[in-house]
>>> print(open('protein_1.txt').read())   # compact mmCIF, C-alpha atoms
# COMPACT_ATOMS: atom_id res chain seq x y z
CA MET A 1 43.19 53.57 115.47
CA LYS A 2 44.59 56.45 113.49
CA GLU A 3 44.90 55.72 109.81
CA ARG A 4 48.53 55.71 108.73
CA GLN A 5 49.34 58.48 106.31
CA PHE A 6 51.59 58.15 103.32
CA PRO A 7 55.04 59.73 103.56
CA GLY A 8 55.19 63.41 102.69
CA ALA A 9 58.38 65.42 102.17
CA ARG A 10 58.65 68.71 104.02
CA THR A 11 58.22 71.59 101.62
CA ASP A 12 59.84 74.32 103.73
CA CYS A 13 63.39 73.05 103.23
CA LEU A 14 65.83 74.53 100.73
CA SER A 15 67.54 72.18 98.31
CA ARG A 16 70.16 72.16 95.57
CA LYS A 17 71.16 69.34 93.26
CA PHE A 18 74.83 68.37 93.16
CA GLU A 19 75.26 65.84 90.35
CA SER A 20 73.21 62.86 91.57
CA GLU A 21 73.03 64.08 95.18
CA LEU A 22 70.74 66.57 96.81
CA LEU A 23 71.84 69.06 99.45
CA VAL A 24 68.95 70.01 101.71
CA TYR A 25 68.94 72.77 104.32
CA ASP A 26 66.40 72.71 107.11
CA PRO A 27 65.90 76.38 108.11
CA GLN A 28 63.93 75.46 111.23
CA ARG A 29 66.47 73.13 112.79
CA HIS A 30 69.50 74.69 111.08
CA VAL A 31 70.74 71.35 109.81
CA GLY A 32 72.19 70.57 106.39
CA HIS A 33 71.69 67.14 104.82
CA CYS A 34 73.29 65.42 101.87
CA LEU A 35 70.97 62.86 100.27
CA ASN A 36 72.58 60.36 97.94
CA SER A 37 70.85 59.52 94.67
CA THR A 38 68.49 56.89 96.12
CA ALA A 39 67.54 58.89 99.20
CA ALA A 40 67.00 61.97 97.01
CA ALA A 41 64.81 60.05 94.57
CA VAL A 42 62.69 58.63 97.39
CA TRP A 43 62.35 62.04 99.07
CA LYS A 44 61.18 63.60 95.80
CA LEU A 45 58.50 60.93 95.49
CA CYS A 46 57.19 61.47 99.03
CA ASP A 47 54.09 63.38 97.95
CA GLY A 48 51.85 62.28 100.83
CA LYS A 49 49.71 60.29 98.40
CA SER A 50 51.95 57.35 97.56
CA SER A 51 52.60 54.29 99.71
CA PRO A 52 56.11 52.86 100.06
CA SER A 53 55.25 50.12 97.56
CA GLN A 54 53.98 52.72 95.08
CA ILE A 55 57.18 54.72 95.57
CA ALA A 56 59.16 51.52 94.95
CA ALA A 57 57.23 50.90 91.74
CA ALA A 58 57.69 54.46 90.53
CA LEU A 59 61.40 54.35 91.27
CA SER A 60 61.82 50.97 89.56
CA GLN A 61 60.18 52.39 86.47
CA GLY A 62 62.39 55.47 86.50
CA LEU A 63 65.62 53.58 87.10
CA SER A 64 64.77 50.56 84.90
CA ALA A 65 65.90 48.40 87.82
CA ARG A 66 63.87 46.65 90.49
CA MET A 67 63.63 48.68 93.68
CA ASP A 68 62.37 46.62 96.61
CA GLU A 69 60.20 48.00 99.38
CA PRO A 70 62.83 47.40 102.11
CA VAL A 71 65.07 49.91 100.32
CA ILE A 72 62.27 52.46 100.40
CA LEU A 73 61.62 51.76 104.08
CA LEU A 74 65.31 52.20 104.84
CA ALA A 75 65.25 55.53 102.97
CA LEU A 76 62.10 56.62 104.81
CA ASP A 77 63.67 55.68 108.13
CA GLN A 78 66.69 57.86 107.40
CA LEU A 79 64.62 60.72 106.02
CA ALA A 80 62.40 60.55 109.10
CA GLU A 81 65.37 60.55 111.43
CA ALA A 82 66.65 63.64 109.60
CA HIS A 83 63.21 65.28 110.10
CA LEU A 84 62.73 65.68 106.36
CA LEU A 85 59.25 64.11 106.40
CA VAL A 86 56.04 65.77 107.53
CA GLU A 87 55.29 63.13 110.18
CA PRO A 88 58.71 61.69 110.88
CA GLN A 89 57.73 59.50 113.83
CA ALA A 90 55.40 57.46 111.62
CA TRP A 91 58.29 56.31 109.43
CA GLU A 92 61.04 55.69 111.92
CA VAL A 93 61.14 51.91 111.83
CA SER A 94 64.71 51.50 113.05
CA VAL A 95 65.80 49.47 110.07
CA SER A 96 69.52 49.03 110.50
CA ARG A 97 71.56 49.43 107.39
CA ARG A 98 73.07 46.00 107.92
CA ALA A 99 69.66 44.36 108.35
CA ALA A 100 68.40 46.09 105.24
CA ILE A 101 71.35 44.87 103.23
CA ARG A 102 70.65 41.32 104.44
CA ARG A 103 67.03 41.64 103.46
CA ILE A 104 67.72 43.26 100.12
CA GLY A 105 70.49 40.86 99.24
CA ILE A 106 74.17 41.43 98.59
CA ALA A 107 73.64 41.40 94.86
CA ALA A 108 71.26 44.34 94.95
CA ALA A 109 71.81 46.52 91.92
CA VAL A 110 70.71 49.69 93.67
CA VAL A 111 72.66 52.22 95.69
CA LEU A 112 71.46 52.03 99.28
CA PRO A 113 69.95 55.27 100.55
CA LEU A 114 72.20 57.43 102.68
CA VAL A 115 71.46 60.72 104.44
CA THR A 116 74.41 62.57 105.98
CA SER A 117 73.70 65.53 108.27
CA VAL A 118 75.61 68.39 109.86
CA VAL A 119 74.37 71.06 112.23
CA ALA A 120 74.90 74.51 110.73
CA PRO A 121 77.25 76.53 112.90
CA THR A 122 76.50 79.85 114.52
CA PRO A 123 78.81 82.62 113.27
CA ALA A 124 80.96 82.32 116.39
CA GLN A 125 81.25 78.55 116.06
CA ALA A 126 82.42 78.86 112.47
CA SER A 127 85.14 81.39 113.15
CA SER A 128 88.49 81.36 114.90
CA CYS A 129 88.23 80.94 118.63
CA LEU A 130 90.30 80.39 121.75
CA HIS A 131 90.51 77.17 123.75
CA GLY A 132 89.98 76.81 127.48
CA GLY A 133 92.45 78.73 129.64
CA SER A 134 93.28 81.35 127.01
CA PRO A 135 93.04 85.01 128.02
CA CYS A 136 89.85 86.57 126.71
CA VAL A 137 87.79 89.71 126.92
CA THR A 138 84.51 88.75 125.23
CA ASN A 139 82.47 85.53 125.22
CA GLY A 140 82.60 85.48 121.44
CA GLN A 141 86.36 84.94 121.48
CA CYS A 142 86.09 81.54 123.20
CA CYS A 143 85.29 78.25 121.42
CA SER A 144 82.99 77.47 124.34
CA GLY A 145 81.34 80.90 124.03
CA LEU A 146 82.18 81.58 127.67
CA CYS A 147 84.84 84.01 128.87
CA ALA A 148 84.88 83.75 132.65
CA PRO A 149 84.59 87.15 134.31
CA VAL A 150 87.20 88.29 136.84
CA VAL A 151 89.82 85.72 135.73
CA GLN A 152 89.25 86.67 132.07
CA ARG A 153 89.97 83.18 130.75
CA CYS A 154 88.02 80.97 128.32
CA VAL A 155 86.17 78.18 130.08
CA GLY A 156 85.98 74.70 128.51
CA GLY A 157 86.24 74.18 124.76
CA MET B 1 74.13 104.77 123.67
CA LYS B 2 73.46 108.38 124.63
CA LYS B 3 75.71 108.03 127.70
CA LEU B 4 78.49 106.72 125.47
CA ASP B 5 77.93 109.48 122.94
CA ARG B 6 78.39 112.08 125.68
CA LEU B 7 81.94 110.90 126.42
CA ASP B 8 84.87 112.87 125.12
CA TRP B 9 86.00 111.07 121.94
CA ALA B 10 89.45 111.95 120.64
CA GLU B 11 89.43 110.24 117.23
CA GLY B 12 87.13 108.28 115.00
CA LEU B 13 87.10 106.44 111.71
CA ALA B 14 84.33 105.28 109.40
CA LEU B 15 85.32 102.44 107.12
CA SER B 16 83.88 100.07 104.59
CA ALA B 17 85.00 96.45 104.12
CA PHE B 18 83.30 93.90 101.85
CA GLY B 19 80.31 96.24 101.60
CA VAL B 20 79.89 96.57 105.38
CA ARG B 21 80.12 100.05 106.95
CA VAL B 22 81.63 100.18 110.42
CA GLY B 23 82.76 102.98 112.74
CA VAL B 24 85.48 102.98 115.39
CA ARG B 25 86.01 105.75 117.95
CA VAL B 26 88.57 106.04 120.71
CA ASN B 27 88.97 108.38 123.68
CA ALA B 28 92.77 108.58 123.52
CA PRO B 29 94.68 110.54 120.87
CA GLY B 30 96.90 108.30 118.72
CA MET B 31 95.02 105.11 119.61
CA LEU B 32 93.60 104.76 116.09
CA GLU B 33 97.12 103.95 114.90
CA HIS B 34 96.93 100.81 117.05
CA VAL B 35 93.52 99.98 115.61
CA ARG B 36 94.33 100.39 111.90
CA PRO B 37 96.43 97.18 111.55
CA LEU B 38 93.51 95.21 113.02
CA LEU B 39 90.95 96.35 110.46
CA PRO B 40 89.71 93.85 107.84
CA PRO B 41 92.01 93.52 104.82
CA GLY B 42 91.03 95.74 101.92
CA TRP B 43 89.15 98.23 104.12
CA LYS B 44 88.59 101.72 102.79
CA LYS B 45 87.78 104.99 104.49
CA SER B 46 84.13 105.77 104.24
CA SER B 47 82.71 109.25 104.30
CA GLY B 48 79.20 110.27 105.25
CA GLY B 49 76.17 108.14 105.97
CA ALA B 50 75.37 105.94 108.92
CA VAL B 51 77.51 102.99 109.93
CA GLN B 52 76.00 99.57 110.60
CA ARG B 53 78.01 99.01 113.77
CA LEU B 54 79.95 101.44 115.93
CA TYR B 55 82.81 100.30 118.14
CA SER B 56 83.74 102.51 121.10
CA LEU B 57 87.10 101.90 122.76
CA ILE B 58 87.60 103.55 126.10
CA VAL B 59 91.25 103.47 127.01
CA GLY B 60 91.80 103.18 130.75
CA GLY B 61 95.22 103.03 132.32
CA ASP B 62 96.42 104.86 135.38
CA GLY B 63 93.68 106.60 137.32
CA GLU B 64 93.83 109.97 138.99
CA ARG B 65 94.36 108.38 142.41
CA PRO B 66 97.62 106.50 142.96
CA GLY B 67 97.33 102.70 142.86
CA VAL B 68 94.07 102.79 140.94
CA ARG B 69 94.00 101.48 137.37
CA ARG B 70 91.05 101.99 135.11
CA LEU B 71 90.11 99.12 132.80
CA HIS B 72 90.10 99.40 129.03
CA VAL B 73 86.52 98.90 127.85
CA LEU B 74 85.14 97.96 124.45
CA TYR B 75 81.59 98.53 123.24
CA ALA B 76 79.84 97.50 120.03
CA ASP B 77 76.99 99.98 119.65
CA SER B 78 75.60 100.13 123.18
CA VAL B 79 76.61 96.60 124.18
CA ARG B 80 79.72 96.22 126.30
CA LEU B 81 81.77 93.49 124.65
CA GLY B 82 84.38 93.29 127.41
CA ARG B 83 86.96 95.01 129.57
CA ASP B 84 90.46 94.20 130.65
CA VAL B 85 93.54 95.72 132.26
CA ALA B 86 95.59 94.66 129.23
CA LEU B 87 95.02 96.87 126.20
CA ASP B 88 96.33 94.12 123.88
CA HIS B 89 93.55 91.78 124.98
CA VAL B 90 90.91 94.41 124.30
CA LEU B 91 92.38 95.18 120.87
CA GLN B 92 92.35 91.45 120.06
CA ALA B 93 88.70 91.31 121.06
CA LEU B 94 87.99 94.30 118.79
CA GLU B 95 89.70 92.61 115.86
CA ALA B 96 87.91 89.28 116.39
CA ASP B 97 84.49 90.87 116.72
CA LEU B 98 84.98 93.28 113.82
CA HIS B 99 86.14 90.56 111.40
CA LEU B 100 83.31 88.29 112.44
CA TYR B 101 80.77 91.08 112.05
CA VAL B 102 81.99 91.84 108.53
CA ALA B 103 81.87 88.11 107.69
CA THR B 104 78.31 87.90 108.97
CA ALA B 105 76.94 91.11 107.48
CA ALA B 106 78.68 91.23 104.08
CA PRO B 107 76.11 91.51 101.31
CA ASP B 108 76.60 89.38 98.17
CA LYS B 109 79.36 87.26 99.74
CA THR B 110 79.54 84.05 101.75
CA PHE B 111 82.39 83.74 104.23
CA LEU B 112 83.73 80.26 104.94
CA HIS B 113 86.09 79.57 107.81
CA ALA B 114 88.96 78.33 105.69
CA GLY B 115 92.51 78.84 104.61
CA VAL B 116 92.97 79.72 100.93
CA VAL B 117 95.95 79.79 98.60
CA GLY B 118 96.23 80.46 94.88
CA TRP B 119 97.98 77.89 92.73
CA ARG B 120 98.35 78.06 88.95
CA GLY B 121 95.46 80.47 88.54
CA ARG B 122 93.01 78.62 90.76
CA ALA B 123 92.25 78.56 94.46
CA ILE B 124 92.71 75.74 96.93
CA VAL B 125 90.32 76.00 99.86
CA LEU B 126 91.08 74.40 103.24
CA PRO B 127 87.94 74.61 105.41
CA GLY B 128 88.18 73.77 109.09
CA ARG B 129 87.58 74.88 112.62
CA SER B 130 90.14 76.53 114.88
CA PHE B 131 93.15 74.37 115.71
CA SER B 132 92.58 72.10 112.68
CA GLY B 133 95.94 73.21 111.25
CA LYS B 134 94.78 75.52 108.45
CA THR B 135 97.42 78.16 108.99
CA THR B 136 100.25 75.63 109.19
CA LEU B 137 99.17 74.11 105.90
CA VAL B 138 98.76 77.52 104.25
CA ARG B 139 102.21 78.57 105.44
CA GLU B 140 103.76 75.40 104.02
CA MET B 141 102.01 75.93 100.67
CA LEU B 142 103.32 79.51 100.55
CA ARG B 143 106.81 78.12 101.10
CA LEU B 144 106.24 75.90 98.06
CA GLY B 145 105.29 78.88 95.88
CA ALA B 146 101.54 79.29 96.33
CA THR B 147 100.09 82.81 96.56
CA TYR B 148 98.38 83.99 99.73
CA TYR B 149 94.64 84.53 99.97
CA SER B 150 93.79 83.89 103.63
CA ASP B 151 94.34 81.77 106.69
CA GLU B 152 90.93 82.67 108.08
CA PHE B 153 88.16 83.21 105.52
CA ALA B 154 87.35 82.09 101.99
CA VAL B 155 85.13 84.86 100.63
CA VAL B 156 82.80 83.41 97.99
CA ASP B 157 80.88 85.62 95.55
CA GLY B 158 77.77 84.93 93.50
CA LEU B 159 79.79 83.34 90.70
CA GLY B 160 81.47 80.93 93.10
CA LEU B 161 84.81 82.76 92.86
CA VAL B 162 86.98 83.12 95.95
CA HIS B 163 88.21 86.59 96.98
CA PRO B 164 91.20 87.22 99.25
CA PHE B 165 90.94 88.03 102.94
CA ALA B 166 94.68 88.45 103.28
CA ARG B 167 95.14 89.37 106.92
CA PRO B 168 98.55 88.58 108.47
CA LEU B 169 98.83 84.87 109.23
CA GLY B 170 98.08 83.95 112.85
CA ILE B 171 100.82 81.43 113.56
CA ARG B 172 100.79 79.27 116.69
CA GLU B 173 104.16 77.70 117.48
CA ASP B 174 104.24 74.20 118.94
CA GLY B 175 100.55 73.99 119.72
CA SER B 176 100.59 77.23 121.69
CA GLN B 177 97.29 79.05 122.27
CA VAL B 178 98.89 82.38 121.46
CA GLN B 179 99.04 83.52 117.85
CA THR B 180 101.88 85.55 116.43
CA LYS B 181 100.90 87.74 113.50
CA VAL B 182 103.16 87.35 110.47
CA ALA B 183 102.64 89.19 107.19
CA ALA B 184 102.60 86.91 104.13
CA GLU B 185 105.34 89.04 102.59
CA ARG B 186 107.66 88.07 105.43
CA LEU B 187 107.16 84.45 104.39
CA GLY B 188 108.12 85.34 100.84
CA ALA B 189 104.58 85.19 99.49
CA LEU B 190 102.66 87.85 97.64
CA PRO B 191 99.10 88.59 98.66
CA CYS B 192 96.71 88.62 95.69
CA THR B 193 93.67 90.67 94.88
CA LYS B 194 92.18 88.72 91.97
CA PRO B 195 89.18 86.47 92.65
CA LEU B 196 89.80 82.88 91.56
CA PRO B 197 87.73 79.82 90.68
CA VAL B 198 88.35 76.90 93.03
CA SER B 199 90.22 73.84 91.83
CA MET B 200 90.13 71.88 95.05
CA ALA B 201 88.67 71.90 98.54
CA VAL B 202 90.60 69.86 101.07
CA ILE B 203 88.94 68.73 104.28
CA CYS B 204 91.67 67.48 106.56
CA LYS B 205 92.66 67.25 110.19
CA TYR B 206 96.05 67.06 111.80
CA GLU B 207 97.13 64.00 113.73
CA ARG B 208 100.69 63.54 114.88
CA ALA B 209 102.57 60.96 112.79
CA ALA B 210 99.59 60.30 110.51
CA ARG B 211 100.31 59.48 106.87
CA TRP B 212 98.52 61.70 104.35
CA GLN B 213 96.34 59.46 102.21
CA PRO B 214 93.67 61.64 100.59
CA ALA B 215 90.37 60.18 99.45
CA SER B 216 87.90 61.86 97.13
CA LEU B 217 84.58 63.16 98.38
CA SER B 218 81.45 63.56 96.28
CA GLN B 219 80.32 67.10 95.43
CA GLY B 220 77.37 66.83 97.79
CA GLN B 221 79.41 65.52 100.72
CA GLY B 222 82.15 68.05 100.05
CA THR B 223 79.72 70.94 99.89
CA LEU B 224 78.15 69.76 103.15
CA GLU B 225 81.61 70.19 104.72
CA LEU B 226 81.78 73.74 103.34
CA LEU B 227 78.33 74.44 104.70
CA ALA B 228 79.52 73.28 108.14
CA ASN B 229 82.10 76.09 107.99
CA SER B 230 79.84 78.84 106.61
CA ILE B 231 79.69 81.86 108.86
CA ALA B 232 76.23 83.16 108.00
CA VAL B 233 74.40 80.06 106.80
CA ARG B 234 71.81 80.34 109.56
CA ASN B 235 70.91 83.88 108.50
CA GLU B 236 71.25 83.42 104.74
CA PRO B 237 70.74 79.75 103.90
CA ARG B 238 69.36 80.35 100.40
CA GLU B 239 72.21 82.61 99.29
CA THR B 240 74.80 80.37 100.95
CA LEU B 241 73.52 77.28 99.14
CA LEU B 242 73.46 79.14 95.84
CA ARG B 243 77.05 80.39 96.14
CA LEU B 244 78.36 77.04 97.34
CA HIS B 245 76.59 75.37 94.42
CA LYS B 246 78.45 77.67 92.03
CA LEU B 247 81.74 77.10 93.83
CA ALA B 248 81.36 73.31 93.73
CA LYS B 249 81.14 73.19 89.94
CA GLY B 250 84.55 72.12 88.71
CA THR B 251 85.88 71.69 92.25
CA ALA B 252 87.46 68.44 93.39
CA PHE B 253 86.82 67.58 97.05
CA VAL B 254 89.33 65.50 98.96
CA THR B 255 89.54 64.48 102.59
CA GLY B 256 92.01 62.79 104.89
CA ILE B 257 94.05 62.88 108.06
CA ARG B 258 97.38 64.58 107.66
CA GLY B 259 100.59 64.34 109.61
CA GLU B 260 103.30 66.91 109.05
CA ALA B 261 102.28 69.81 106.84
CA ASN B 262 105.15 69.55 104.34
CA GLU B 263 104.05 66.12 103.07
CA ALA B 264 100.38 67.09 102.78
CA ALA B 265 101.07 70.52 101.25
CA ALA B 266 103.23 69.11 98.45
CA SER B 267 100.68 66.38 97.73
CA ILE B 268 97.75 68.83 97.64
CA LEU B 269 99.54 71.22 95.27
CA ASN B 270 100.48 68.29 93.09
CA LEU B 271 96.92 66.98 93.01
CA SER B 272 95.52 70.43 92.32
CA GLY B 273 97.72 70.74 89.26
CA LYS B 274 96.49 67.51 87.73
CA LYS B 275 93.53 67.47 85.42
CA ASP B 276 92.44 64.01 86.48
CA ARG B 277 92.54 64.80 90.17
CA LEU B 278 89.71 62.52 91.13
CA GLU B 279 91.33 59.47 89.56
CA ALA B 280 94.59 60.36 91.23
CA VAL B 281 93.15 59.92 94.71
>>> encode(input="protein_1.txt", output="structure tokens")
Amino acid sequence: MKERQFPGARTDCLSRKFESELLVYDPQRHVGHCLNSTAAAVWKLCDGKSSPSQIAAALSQGLSARMDEPVILLALDQLAEAHLLVEPQAWEVSVSRRAAIRRIGIAAAVVLPLVTSVVAPTPAQASSCLHGGSPCVTNGQCCSGLCAPVVQRCVGG
Amino acid sequence: MKKLDRLDWAEGLALSAFGVRVGVRVNAPGMLEHVRPLLPPGWKKSSGGAVQRLYSLIVGGDGERPGVRRLHVLYADSVRLGRDVALDHVLQALEADLHLYVATAAPDKTFLHAGVVGWRGRAIVLPGRSFSGKTTLVREMLRLGATYYSDEFAVVDGLGLVHPFARPLGIREDGSQVQTKVAAERLGALPCTKPLPVSMAVICKYERAARWQPASLSQGQGTLELLANSIAVRNEPRETLLRLHKLAKGTAFVTGIRGEANEAAASILNLSGKKDRLEAV
């Protein structure tokens, strides 16, 4: 059986801190992510050498508040789903947010981890475009990216 | 390209806009006059040196044989962008491609798909995709006294300041697909040239009969929305993140579903003027 590795954050992503949040851009998948304070703190501690319980301990020390392992697992699950870990499939444990809250307890003093993602648009997607049925000349004019030849109308979109 | 170059070109123009050098040539005398109003706002004539992209417009019309019409054809460099019997359609395609090319290739600037107005010395940015109601909201804010920056692009520099891209507003009446071009001056607004810091970014969508109840967004979430409307983020992610980071400092982000533009526009201008904007929402 393959030995389970510790979680490692991808190092090829670009990131910028916005107050307590971290904005991360994945240049391979062209996806932007916003990590809230807890998710950002966990991601920063994913050095490939620390186990989830060690990450929990390190975070608890830094925050002066107890950080339970289920919170870390929830963060790892979300980070894995966002492909921000080196071996994402190893950490996707399908912990639902609701289940995690039940496990952690309503009175938890920590902010639950949250990763929000958006796909970066292509230039044409991010600019003004025409809806289906509009007269067009080039594909780039249509929201769907498809200007039907002969009839010269945008298709779909 | 050589085949195109061999054609008989009547007029040509080299121009520079936002640091991007573009050429346009046409095969019919006088056609450049139809092209000039479609050029990016703030363009200047450029002399000498190579252009980064060359548009070639071949005007068709009536052929030599009766009953035969030649299509109008548009090329960007050697790539045929499209052809049509209607010259208007081809000119619209030229405008759309040219503006998008400038937005993609501009050095030192990040273009966001957004409406922008100036209000009390600061900019209000309204990012959103086509048909999200940006122009309607911008027009309503102009009616309330805001200054015009753009209904298409927020142009962000390295300091996070927003520059104008003051093309005529593309107004769609009653949900029509067709835009009518209206100069900001005709709406009683003055276009501005001064770059401004941003006071507020408003992420909103139109829904008939919805009540405008804005909620605040965190800086990270708000900037993610800006990133989702960045034209060249795939090509320049590092520079885009850097400029958006600068822009976000001191910017309040709000979101919500809006109904009629007059209610939302007044509320946004009011919020933007308040120092404690975040508490207000």
>>> closest_residue(input="protein_1.txt", among="B:Val22, B:Ala28, B:Ala184, B:Val102", to="Gly145 in chain B", atoms="only C-alpha atoms")
B:Ala184
>>> atom_distance(input="protein_1.txt", atom1="CA of Gln52 in chain B", atom2="CA of Phe111 in chain B")
18.2 Å
>>> residues_around(input="protein_1.txt", residues="Leu59 in chain A", least_positions_apart="6", cutoff="12 Å", atoms="all atoms listed in the file", output="list of chain:residue names")
A:Ser37, A:Thr38, A:Ala39, A:Ala40, A:Ala41, A:Val42, A:Trp43, A:Lys44, A:Leu45, A:Cys46, A:Ser50, A:Pro52, A:Ser53, A:Ala65, A:Arg66, A:Met67, A:Asp68, A:Glu69, A:Val71, A:Ile72, A:Val110
>>> closest_residue(input="protein_1.txt", among="B:Gln213, B:Ser267, B:Gln179, B:Thr104", to="chain A", atoms="all atoms listed in the file")
B:Thr104
>>> closest_residue(input="protein_1.txt", among="A:Gln5, A:Ser51, A:Gln61, A:Asn36", to="chain B", atoms="all atoms listed in the file")
A:Asn36
>>> atom_distance(input="protein_1.txt", atom1="CA of Arg139 in chain B", atom2="CA of Pro37 in chain B")
20.4 Å
>>> atom_distance(input="protein_1.txt", atom1="CA of Glu11 in chain B", atom2="CA of Ser46 in chain B")
14.7 Å
>>> residues_around(input="protein_1.txt", residues="His72 in chain B", least_positions_apart="6", cutoff="10 Å", atoms="only C-alpha atoms", output="PyMOL selection string")
chain B and resi 57-61+82-91
>>> interface_residues(input="protein_1.txt", of="chain A", to="chain B", cutoff="7 Å", atoms="all atoms listed in the file", output="short mmCIF file (atom, residue, chain, number, x, y, z; two decimals) with C-alpha atoms, in the frame of the given file")
data_model
loop_
_atom_site.label_atom_id
_atom_site.label_comp_id
_atom_site.auth_asym_id
_atom_site.auth_seq_id
_atom_site.Cartn_x
_atom_site.Cartn_y
_atom_site.Cartn_z
CA LEU A 14 65.83 74.53 100.73
CA PHE A 18 74.83 68.37 93.16
CA GLU A 21 73.03 64.08 95.18
CA LEU A 22 70.74 66.57 96.81
CA LEU A 23 71.84 69.06 99.45
CA HIS A 30 69.50 74.69 111.08
CA GLY A 32 72.19 70.57 106.39
CA CYS A 34 73.29 65.42 101.87
CA VAL A 118 75.61 68.39 109.86
CA VAL A 119 74.37 71.06 112.23
CA ALA A 120 74.90 74.51 110.73
CA PRO A 121 77.25 76.53 112.90
CA THR A 122 76.50 79.85 114.52
CA PRO A 123 78.81 82.62 113.27
CA ALA A 126 82.42 78.86 112.47
CA SER A 127 85.14 81.39 113.15
CA SER A 128 88.49 81.36 114.90
CA CYS A 129 88.23 80.94 118.63
CA SER A 134 93.28 81.35 127.01
CA CYS A 136 89.85 86.57 126.71
CA VAL A 137 87.79 89.71 126.92
CA THR A 138 84.51 88.75 125.23
CA GLN A 141 86.36 84.94 121.48
#
>>> closest_residue(input="protein_1.txt", among="B:Lys194, B:Asp108, B:His34, B:Val68", to="Val20 in chain B", atoms="all atoms listed in the file")
B:Asp108
>>> closest_residue(input="protein_1.txt", among="B:Ile171, B:Ala201, B:Met141, B:Leu38", to="Glu263 in chain B", atoms="only C-alpha atoms")
B:Met141
>>> closest_residue(input="protein_1.txt", among="B:Pro214, B:Gly133, B:Gly115, B:Pro168", to="Leu226 in chain B", atoms="all atoms listed in the file")
B:Gly115
>>> axis_aligned_box(input="protein_1.txt", around="range 70-80 of chain A", padding_each_side="4 Å", output="JSON")
{"center_x": 64.2, "center_y": 54.1, "center_z": 104.7, "size_x": 13.1, "size_y": 21.3, "size_z": 16.8}
>>> residues_around(input="protein_1.txt", residues="His83 in chain A", least_positions_apart="3", cutoff="12 Å", atoms="all atoms listed in the file", output="ChimeraX atom specification")
/A:7-13,24-33,43,76-80,86-92,115,117
>>> write_last_selection(input="protein_1.txt", atoms="C-alpha atoms", output="PDB file, in the coordinates of the input")
ATOM      1  CA  PRO A   7      55.040  59.730 103.560  1.00  0.00           C
ATOM      2  CA  GLY A   8      55.190  63.410 102.690  1.00  0.00           C
ATOM      3  CA  ALA A   9      58.380  65.420 102.170  1.00  0.00           C
ATOM      4  CA  ARG A  10      58.650  68.710 104.020  1.00  0.00           C
ATOM      5  CA  THR A  11      58.220  71.590 101.620  1.00  0.00           C
ATOM      6  CA  ASP A  12      59.840  74.320 103.730  1.00  0.00           C
ATOM      7  CA  CYS A  13      63.390  73.050 103.230  1.00  0.00           C
ATOM      8  CA  VAL A  24      68.950  70.010 101.710  1.00  0.00           C
ATOM      9  CA  TYR A  25      68.940  72.770 104.320  1.00  0.00           C
ATOM     10  CA  ASP A  26      66.400  72.710 107.110  1.00  0.00           C
ATOM     11  CA  PRO A  27      65.900  76.380 108.110  1.00  0.00           C
ATOM     12  CA  GLN A  28      63.930  75.460 111.230  1.00  0.00           C
ATOM     13  CA  ARG A  29      66.470  73.130 112.790  1.00  0.00           C
ATOM     14  CA  HIS A  30      69.500  74.690 111.080  1.00  0.00           C
ATOM     15  CA  VAL A  31      70.740  71.350 109.810  1.00  0.00           C
ATOM     16  CA  GLY A  32      72.190  70.570 106.390  1.00  0.00           C
ATOM     17  CA  HIS A  33      71.690  67.140 104.820  1.00  0.00           C
ATOM     18  CA  TRP A  43      62.350  62.040  99.070  1.00  0.00           C
ATOM     19  CA  LEU A  76      62.100  56.620 104.810  1.00  0.00           C
ATOM     20  CA  ASP A  77      63.670  55.680 108.130  1.00  0.00           C
ATOM     21  CA  GLN A  78      66.690  57.860 107.400  1.00  0.00           C
ATOM     22  CA  LEU A  79      64.620  60.720 106.020  1.00  0.00           C
ATOM     23  CA  ALA A  80      62.400  60.550 109.100  1.00  0.00           C
ATOM     24  CA  VAL A  86      56.040  65.770 107.530  1.00  0.00           C
ATOM     25  CA  GLU A  87      55.290  63.130 110.180  1.00  0.00           C
ATOM     26  CA  PRO A  88      58.710  61.690 110.880  1.00  0.00           C
ATOM     27  CA  GLN A  89      57.730  59.500 113.830  1.00  0.00           C
ATOM     28  CA  ALA A  90      55.400  57.460 111.620  1.00  0.00           C
ATOM     29  CA  TRP A  91      58.290  56.310 109.430  1.00  0.00           C
ATOM     30  CA  GLU A  92      61.040  55.690 111.920  1.00  0.00           C
ATOM     31  CA  VAL A 115      71.460  60.720 104.440  1.00  0.00           C
ATOM     32  CA  SER A 117      73.700  65.530 108.270  1.00  0.00           C
TER      33      SER A 117
END
